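Below is the file work-v3.txt, which contains compact mmCIF, N, CA and C atoms.
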# COMPACT_ATOMS: atom_id res chain seq x y z
N MET N 16 -28.50 6.79 24.95
CA MET N 16 -27.71 7.71 24.17
C MET N 16 -26.21 7.46 24.39
N ALA N 17 -25.85 7.08 25.60
CA ALA N 17 -24.44 6.80 25.91
C ALA N 17 -23.95 5.58 25.12
N ASP N 18 -24.86 4.59 24.92
CA ASP N 18 -24.50 3.41 24.13
C ASP N 18 -24.17 3.81 22.70
N VAL N 19 -24.96 4.71 22.14
CA VAL N 19 -24.74 5.17 20.77
C VAL N 19 -23.40 5.88 20.67
N GLN N 20 -23.09 6.73 21.65
CA GLN N 20 -21.81 7.45 21.65
C GLN N 20 -20.63 6.48 21.74
N ALA N 21 -20.77 5.48 22.58
CA ALA N 21 -19.70 4.50 22.74
C ALA N 21 -19.52 3.70 21.44
N HIS N 22 -20.63 3.35 20.81
CA HIS N 22 -20.58 2.61 19.55
C HIS N 22 -19.94 3.47 18.46
N LEU N 23 -20.32 4.73 18.40
CA LEU N 23 -19.72 5.64 17.41
C LEU N 23 -18.22 5.81 17.66
N GLN N 24 -17.83 5.89 18.91
CA GLN N 24 -16.41 6.01 19.25
C GLN N 24 -15.64 4.78 18.77
N SER N 25 -16.22 3.61 19.01
CA SER N 25 -15.59 2.36 18.58
C SER N 25 -15.47 2.32 17.06
N LEU N 26 -16.54 2.69 16.35
CA LEU N 26 -16.51 2.71 14.90
C LEU N 26 -15.47 3.71 14.38
N SER N 27 -15.38 4.84 15.04
CA SER N 27 -14.42 5.87 14.64
C SER N 27 -12.99 5.36 14.79
N GLU N 28 -12.72 4.66 15.87
CA GLU N 28 -11.40 4.09 16.08
C GLU N 28 -11.08 3.03 15.02
N ASP N 29 -12.08 2.19 14.69
CA ASP N 29 -11.90 1.19 13.63
C ASP N 29 -11.61 1.88 12.30
N TYR N 30 -12.33 2.95 12.02
CA TYR N 30 -12.17 3.70 10.78
C TYR N 30 -10.75 4.27 10.69
N GLN N 31 -10.26 4.83 11.77
CA GLN N 31 -8.91 5.40 11.79
C GLN N 31 -7.85 4.31 11.59
N LYS N 32 -8.08 3.14 12.19
CA LYS N 32 -7.13 2.04 12.03
C LYS N 32 -7.11 1.57 10.57
N LEU N 33 -8.29 1.49 9.96
CA LEU N 33 -8.35 1.10 8.55
C LEU N 33 -7.61 2.11 7.67
N GLN N 34 -7.75 3.39 7.99
CA GLN N 34 -7.05 4.41 7.22
C GLN N 34 -5.53 4.28 7.39
N GLN N 35 -5.09 3.96 8.60
CA GLN N 35 -3.65 3.78 8.84
C GLN N 35 -3.13 2.56 8.06
N ASP N 36 -3.93 1.49 8.05
CA ASP N 36 -3.54 0.29 7.29
C ASP N 36 -3.42 0.61 5.80
N LEU N 37 -4.38 1.37 5.29
CA LEU N 37 -4.35 1.76 3.88
C LEU N 37 -3.11 2.60 3.60
N GLN N 38 -2.82 3.54 4.47
CA GLN N 38 -1.64 4.40 4.30
C GLN N 38 -0.37 3.56 4.28
N SER N 39 -0.29 2.59 5.17
CA SER N 39 0.88 1.71 5.24
C SER N 39 1.04 0.92 3.93
N THR N 40 -0.06 0.42 3.41
CA THR N 40 -0.02 -0.34 2.16
C THR N 40 0.38 0.54 0.99
N VAL N 41 -0.13 1.75 0.95
CA VAL N 41 0.22 2.70 -0.11
C VAL N 41 1.71 3.04 -0.04
N GLU N 42 2.22 3.25 1.16
CA GLU N 42 3.65 3.54 1.33
C GLU N 42 4.50 2.36 0.87
N SER N 43 4.06 1.15 1.16
CA SER N 43 4.77 -0.04 0.73
C SER N 43 4.79 -0.13 -0.79
N ARG N 44 3.67 0.20 -1.41
CA ARG N 44 3.58 0.18 -2.87
C ARG N 44 4.50 1.24 -3.46
N GLN N 45 4.56 2.40 -2.86
CA GLN N 45 5.44 3.46 -3.35
C GLN N 45 6.91 3.04 -3.26
N LYS N 46 7.24 2.33 -2.20
CA LYS N 46 8.61 1.83 -2.04
C LYS N 46 8.93 0.84 -3.16
N LEU N 47 7.99 -0.04 -3.45
CA LEU N 47 8.19 -0.99 -4.55
C LEU N 47 8.33 -0.27 -5.89
N GLU N 48 7.55 0.79 -6.08
CA GLU N 48 7.64 1.56 -7.32
C GLU N 48 9.02 2.19 -7.45
N GLY N 49 9.57 2.70 -6.35
CA GLY N 49 10.92 3.25 -6.36
C GLY N 49 11.97 2.20 -6.71
N GLN N 50 11.82 1.02 -6.14
CA GLN N 50 12.74 -0.08 -6.44
C GLN N 50 12.63 -0.49 -7.91
N LYS N 51 11.41 -0.47 -8.41
CA LYS N 51 11.20 -0.83 -9.82
C LYS N 51 11.92 0.17 -10.72
N GLN N 52 11.74 1.46 -10.45
CA GLN N 52 12.40 2.49 -11.26
C GLN N 52 13.93 2.36 -11.19
N GLU N 53 14.43 2.07 -10.02
CA GLU N 53 15.87 1.89 -9.84
C GLU N 53 16.38 0.72 -10.68
N ASN N 54 15.67 -0.39 -10.65
CA ASN N 54 16.08 -1.56 -11.41
C ASN N 54 15.91 -1.36 -12.91
N LEU N 55 14.90 -0.59 -13.32
CA LEU N 55 14.75 -0.26 -14.74
C LEU N 55 15.94 0.58 -15.22
N GLY N 56 16.40 1.48 -14.36
CA GLY N 56 17.59 2.27 -14.69
C GLY N 56 18.82 1.39 -14.86
N VAL N 57 18.99 0.41 -13.98
CA VAL N 57 20.11 -0.52 -14.08
C VAL N 57 20.00 -1.32 -15.37
N GLN N 58 18.79 -1.75 -15.69
CA GLN N 58 18.57 -2.53 -16.90
C GLN N 58 18.92 -1.71 -18.15
N LYS N 59 18.58 -0.43 -18.16
CA LYS N 59 18.94 0.44 -19.29
C LYS N 59 20.45 0.59 -19.40
N GLU N 60 21.13 0.66 -18.26
CA GLU N 60 22.59 0.74 -18.27
C GLU N 60 23.19 -0.52 -18.89
N PHE N 61 22.63 -1.67 -18.57
CA PHE N 61 23.13 -2.93 -19.14
C PHE N 61 22.99 -2.92 -20.66
N ASP N 62 21.91 -2.32 -21.17
CA ASP N 62 21.69 -2.27 -22.61
C ASP N 62 22.77 -1.46 -23.33
N THR N 63 23.35 -0.48 -22.64
CA THR N 63 24.37 0.36 -23.26
C THR N 63 25.76 -0.26 -23.18
N LEU N 64 25.94 -1.28 -22.35
CA LEU N 64 27.25 -1.91 -22.17
C LEU N 64 27.51 -2.95 -23.25
N GLY N 65 28.77 -3.05 -23.62
CA GLY N 65 29.17 -4.11 -24.54
C GLY N 65 29.38 -5.40 -23.79
N ASP N 66 29.54 -6.50 -24.53
CA ASP N 66 29.70 -7.81 -23.89
C ASP N 66 31.03 -7.94 -23.16
N GLU N 67 32.03 -7.16 -23.58
CA GLU N 67 33.34 -7.27 -22.95
C GLU N 67 33.50 -6.34 -21.75
N GLU N 68 32.49 -5.54 -21.44
CA GLU N 68 32.55 -4.62 -20.31
C GLU N 68 32.55 -5.40 -18.99
N THR N 69 33.19 -4.80 -17.99
CA THR N 69 33.27 -5.42 -16.68
C THR N 69 32.17 -4.84 -15.78
N ILE N 70 31.49 -5.73 -15.08
CA ILE N 70 30.43 -5.32 -14.15
C ILE N 70 30.85 -5.75 -12.75
N TYR N 71 30.65 -4.84 -11.81
CA TYR N 71 30.98 -5.14 -10.42
C TYR N 71 29.70 -5.08 -9.58
N LYS N 72 29.67 -5.95 -8.61
CA LYS N 72 28.53 -5.99 -7.69
C LYS N 72 29.04 -5.65 -6.30
N LEU N 73 28.31 -4.76 -5.63
CA LEU N 73 28.69 -4.36 -4.27
C LEU N 73 28.16 -5.39 -3.28
N VAL N 74 29.06 -6.05 -2.58
CA VAL N 74 28.70 -7.04 -1.56
C VAL N 74 29.36 -6.58 -0.27
N GLY N 75 28.54 -5.99 0.61
CA GLY N 75 29.11 -5.40 1.82
C GLY N 75 30.02 -4.26 1.42
N PRO N 76 31.25 -4.22 1.95
CA PRO N 76 32.18 -3.13 1.60
C PRO N 76 33.06 -3.46 0.38
N VAL N 77 32.80 -4.60 -0.30
CA VAL N 77 33.68 -5.08 -1.37
C VAL N 77 32.95 -5.09 -2.71
N LEU N 78 33.67 -4.70 -3.77
CA LEU N 78 33.15 -4.82 -5.14
C LEU N 78 33.66 -6.13 -5.73
N LEU N 79 32.73 -6.98 -6.16
CA LEU N 79 33.10 -8.26 -6.76
C LEU N 79 32.75 -8.24 -8.24
N LYS N 80 33.63 -8.83 -9.04
CA LYS N 80 33.38 -8.93 -10.47
C LYS N 80 32.20 -9.87 -10.70
N GLN N 81 31.32 -9.48 -11.66
CA GLN N 81 30.14 -10.30 -11.91
C GLN N 81 29.95 -10.44 -13.42
N ASP N 82 29.50 -11.61 -13.81
CA ASP N 82 29.21 -11.88 -15.21
C ASP N 82 28.01 -11.04 -15.66
N LYS N 83 28.07 -10.48 -16.88
CA LYS N 83 26.99 -9.62 -17.37
C LYS N 83 25.66 -10.38 -17.45
N ALA N 84 25.69 -11.59 -17.95
CA ALA N 84 24.45 -12.37 -18.08
C ALA N 84 23.82 -12.63 -16.71
N GLU N 85 24.67 -12.92 -15.74
CA GLU N 85 24.17 -13.18 -14.38
C GLU N 85 23.55 -11.91 -13.79
N ALA N 86 24.23 -10.78 -14.00
CA ALA N 86 23.72 -9.50 -13.48
C ALA N 86 22.39 -9.14 -14.15
N GLU N 87 22.31 -9.30 -15.46
CA GLU N 87 21.06 -9.01 -16.17
C GLU N 87 19.94 -9.92 -15.70
N SER N 88 20.27 -11.19 -15.48
CA SER N 88 19.27 -12.15 -15.00
C SER N 88 18.76 -11.76 -13.61
N THR N 89 19.66 -11.31 -12.76
CA THR N 89 19.28 -10.89 -11.41
C THR N 89 18.34 -9.70 -11.45
N VAL N 90 18.68 -8.71 -12.27
CA VAL N 90 17.84 -7.51 -12.38
C VAL N 90 16.48 -7.85 -12.98
N LYS N 91 16.46 -8.72 -13.99
CA LYS N 91 15.19 -9.12 -14.59
C LYS N 91 14.33 -9.85 -13.57
N GLY N 92 14.94 -10.71 -12.77
CA GLY N 92 14.20 -11.43 -11.72
C GLY N 92 13.61 -10.47 -10.70
N ARG N 93 14.39 -9.46 -10.32
CA ARG N 93 13.88 -8.45 -9.38
C ARG N 93 12.69 -7.71 -9.97
N LEU N 94 12.82 -7.31 -11.22
CA LEU N 94 11.73 -6.57 -11.87
C LEU N 94 10.46 -7.42 -11.97
N ASP N 95 10.63 -8.70 -12.30
CA ASP N 95 9.47 -9.60 -12.37
C ASP N 95 8.80 -9.72 -11.00
N PHE N 96 9.61 -9.88 -9.96
CA PHE N 96 9.07 -10.01 -8.61
C PHE N 96 8.35 -8.74 -8.18
N ILE N 97 8.99 -7.60 -8.39
CA ILE N 97 8.41 -6.32 -7.98
C ILE N 97 7.10 -6.08 -8.71
N THR N 98 7.08 -6.33 -10.01
CA THR N 98 5.87 -6.11 -10.80
C THR N 98 4.74 -7.02 -10.33
N SER N 99 5.04 -8.29 -10.11
CA SER N 99 3.99 -9.20 -9.65
C SER N 99 3.51 -8.83 -8.24
N GLU N 100 4.43 -8.40 -7.40
CA GLU N 100 4.08 -8.01 -6.03
C GLU N 100 3.18 -6.78 -6.04
N MET N 101 3.53 -5.82 -6.89
CA MET N 101 2.75 -4.58 -6.95
C MET N 101 1.34 -4.83 -7.49
N PHE N 102 1.26 -5.58 -8.57
CA PHE N 102 -0.03 -5.71 -9.23
C PHE N 102 -0.92 -6.79 -8.65
N SER N 103 -0.34 -7.79 -8.05
CA SER N 103 -1.21 -8.83 -7.48
C SER N 103 -1.55 -8.52 -6.03
N ARG N 104 -0.54 -8.41 -5.22
CA ARG N 104 -0.77 -8.30 -3.78
C ARG N 104 -1.11 -6.88 -3.33
N GLN N 105 -0.29 -5.93 -3.70
CA GLN N 105 -0.47 -4.56 -3.22
C GLN N 105 -1.78 -3.95 -3.71
N GLU N 106 -2.07 -4.10 -4.99
CA GLU N 106 -3.29 -3.52 -5.54
C GLU N 106 -4.53 -4.13 -4.90
N SER N 107 -4.52 -5.44 -4.69
CA SER N 107 -5.69 -6.08 -4.07
C SER N 107 -5.84 -5.63 -2.61
N GLN N 108 -4.72 -5.45 -1.91
CA GLN N 108 -4.79 -4.97 -0.53
C GLN N 108 -5.33 -3.55 -0.47
N ILE N 109 -4.90 -2.71 -1.38
CA ILE N 109 -5.39 -1.32 -1.41
C ILE N 109 -6.88 -1.29 -1.70
N LYS N 110 -7.30 -2.06 -2.68
CA LYS N 110 -8.72 -2.10 -3.04
C LYS N 110 -9.56 -2.63 -1.87
N GLU N 111 -9.10 -3.68 -1.23
CA GLU N 111 -9.82 -4.26 -0.10
C GLU N 111 -9.92 -3.26 1.05
N ALA N 112 -8.83 -2.56 1.34
CA ALA N 112 -8.83 -1.57 2.42
C ALA N 112 -9.80 -0.42 2.11
N GLN N 113 -9.82 0.02 0.86
CA GLN N 113 -10.74 1.10 0.47
C GLN N 113 -12.19 0.67 0.63
N GLU N 114 -12.49 -0.57 0.27
CA GLU N 114 -13.85 -1.08 0.43
C GLU N 114 -14.25 -1.15 1.90
N LYS N 115 -13.34 -1.60 2.75
CA LYS N 115 -13.62 -1.67 4.19
C LYS N 115 -13.85 -0.27 4.76
N ILE N 116 -13.06 0.69 4.32
CA ILE N 116 -13.20 2.07 4.79
C ILE N 116 -14.57 2.62 4.39
N GLU N 117 -14.98 2.37 3.17
CA GLU N 117 -16.29 2.86 2.71
C GLU N 117 -17.43 2.23 3.51
N LYS N 118 -17.34 0.94 3.79
CA LYS N 118 -18.37 0.26 4.58
C LYS N 118 -18.45 0.86 5.99
N LYS N 119 -17.29 1.08 6.59
CA LYS N 119 -17.25 1.64 7.94
C LYS N 119 -17.80 3.06 7.95
N LYS N 120 -17.46 3.82 6.93
CA LYS N 120 -17.94 5.19 6.80
C LYS N 120 -19.46 5.21 6.68
N THR N 121 -20.00 4.33 5.87
CA THR N 121 -21.46 4.23 5.70
C THR N 121 -22.13 3.86 7.00
N GLU N 122 -21.54 2.93 7.72
CA GLU N 122 -22.09 2.50 9.01
C GLU N 122 -22.11 3.66 10.01
N ILE N 123 -21.03 4.42 10.04
CA ILE N 123 -20.96 5.58 10.95
C ILE N 123 -22.03 6.60 10.60
N ILE N 124 -22.17 6.89 9.32
CA ILE N 124 -23.18 7.87 8.87
C ILE N 124 -24.58 7.42 9.23
N GLN N 125 -24.87 6.13 9.05
CA GLN N 125 -26.20 5.61 9.37
C GLN N 125 -26.50 5.72 10.86
N ILE N 126 -25.54 5.41 11.68
CA ILE N 126 -25.75 5.48 13.13
C ILE N 126 -25.91 6.94 13.57
N GLN N 127 -25.12 7.83 13.00
CA GLN N 127 -25.23 9.25 13.34
C GLN N 127 -26.61 9.78 12.93
N ALA N 128 -27.08 9.39 11.75
CA ALA N 128 -28.39 9.85 11.29
C ALA N 128 -29.50 9.30 12.19
N ALA N 129 -29.39 8.05 12.59
CA ALA N 129 -30.39 7.45 13.47
C ALA N 129 -30.38 8.15 14.83
N ALA N 130 -29.19 8.46 15.33
CA ALA N 130 -29.08 9.13 16.62
C ALA N 130 -29.67 10.54 16.54
N GLN N 131 -29.41 11.23 15.46
CA GLN N 131 -29.96 12.57 15.29
C GLN N 131 -31.47 12.53 15.16
N GLY N 132 -31.99 11.52 14.45
CA GLY N 132 -33.42 11.34 14.30
C GLY N 132 -34.08 11.07 15.63
N ALA N 133 -33.44 10.23 16.44
CA ALA N 133 -33.99 9.90 17.76
C ALA N 133 -33.96 11.13 18.66
N ALA N 134 -32.88 11.91 18.58
CA ALA N 134 -32.78 13.12 19.41
C ALA N 134 -33.84 14.14 18.99
N ALA N 135 -34.08 14.24 17.69
CA ALA N 135 -35.09 15.19 17.21
C ALA N 135 -36.48 14.73 17.63
N GLY N 136 -36.71 13.43 17.63
CA GLY N 136 -38.01 12.89 18.07
C GLY N 136 -38.26 13.12 19.54
N GLN N 137 -37.23 13.07 20.37
CA GLN N 137 -37.38 13.31 21.79
C GLN N 137 -37.67 14.78 22.07
N ASP N 138 -37.10 15.67 21.29
CA ASP N 138 -37.32 17.10 21.48
C ASP N 138 -38.77 17.49 21.20
N LYS N 139 -39.42 16.80 20.28
CA LYS N 139 -40.77 17.16 19.89
C LYS N 139 -41.84 16.56 20.80
N GLN N 140 -41.49 15.58 21.63
CA GLN N 140 -42.48 14.95 22.49
C GLN N 140 -42.87 15.93 23.59
N PRO N 141 -44.18 16.01 23.88
CA PRO N 141 -44.62 16.91 24.94
C PRO N 141 -44.18 16.40 26.31
N ALA N 142 -43.94 17.32 27.21
CA ALA N 142 -43.55 16.96 28.59
C ALA N 142 -44.76 16.47 29.34
N GLN N 143 -44.62 15.44 30.14
CA GLN N 143 -45.74 14.88 30.88
C GLN N 143 -45.66 15.17 32.34
Take the structure in this file and express it as structure tokens.
Amino acid sequence: MADVQAHLQSLSEDYQKLQQDLQSTVESRQKLEGQKQENLGVQKEFDTLGDEETIYKLVGPVLLKQDKAEAESTVKGRLDFITSEMFSRQESQIKEAQEKIEKKKTEIIQIQAAAQGAAAGQDKQPAQ
């Protein structure tokens, strides 16, 4: 019975670690979503600007003049990267983590049921 308890404890710790990994991945995805929204806002601002408007880029404590086409290209590149990162890598990691959690959960339930069945079987055996 002690072996079963130790095994359940180990599985429980694995389960908690998987949940923490999933939470970390979800938080990372949320951060990317925030960056995406921020860059979409910048892109909308570019659409309202005329070609003769001046754009400045913050580099450290200094504002540097930047070409509109270059700035638009930079923002578009960021959006492409963020979108590909979110949908290819982050989504697959979240799905994989959820599958691992479900497998671990099923394993824990099966062991608990077997342990309960064994305990119930021992209770019913006559004393010798």
Non-local contacts of Ile109 (chain N) (7 Å; all atoms listed in the file; under 3 positions in same chain excluded) as a list of chain:residue names: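 The residues satisfying every condition are N:Leu37, N:Thr40, N:Val41, N:Arg104, N:Gln105, N:Glu106, N:Ala112, N:Gln113, N:Glu114.
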Distance in Å - atom C of Ala134 (chain N) versus atom C of Glu122 (chain N): 18.1 Å
Every residue of chain N that DSSP places in strand (DSSP E), as a PyMOL selection string: chain N and resi 70-74+77-81
Residue nearest Thr98 (chain N) - candidates N:Lys32, N:Lys51, N:Arg44, N:Lys72, atoms counted: all atoms listed in the file: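 Of the candidates, the smallest distance to Thr98 (chain N) is held by N:Lys51.
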Picked from region 35-134 of chain N by DSSP as alpha helix (DSSP H), as a ChimeraX atom specification: /N:35-63,83-99,106-134
Pairwise distance for CA of Asp66 (chain N) and CA of Ala86 (chain N), rounded to one decimal in Å: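 One can read the CA of Asp66 (chain N) to CA of Ala86 (chain N) distance as 12.1 Å.
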Counting only C-alpha atoms, the residue of N:Gln45, N:Ser25, N:Gln34, N:Gln81 that sits nearest Glu111 (chain N): N:Gln34
Which residue of N:Lys119, N:Lys46, N:Lys59, N:Lys83 approaches Ser27 (chain N) most closely, using only N, CA and C atoms: N:Lys119
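Proximity of N:Ala84, N:Leu79, N:Met101, N:Leu26 to Asp62 (chain N), computed with only C-alpha atoms, is greatest for N:Ala84.
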For Asn54 (chain N), the nearest of the candidates N:Tyr71, N:Gln137, N:Leu94, N:Glu117, counting only N, CA and C atoms: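 Of the candidates, the smallest distance to Asn54 (chain N) is held by N:Leu94.
Between CA of Phe61 (chain N) and atom C of Ser43 (chain N) the separation is 26.1 Å.
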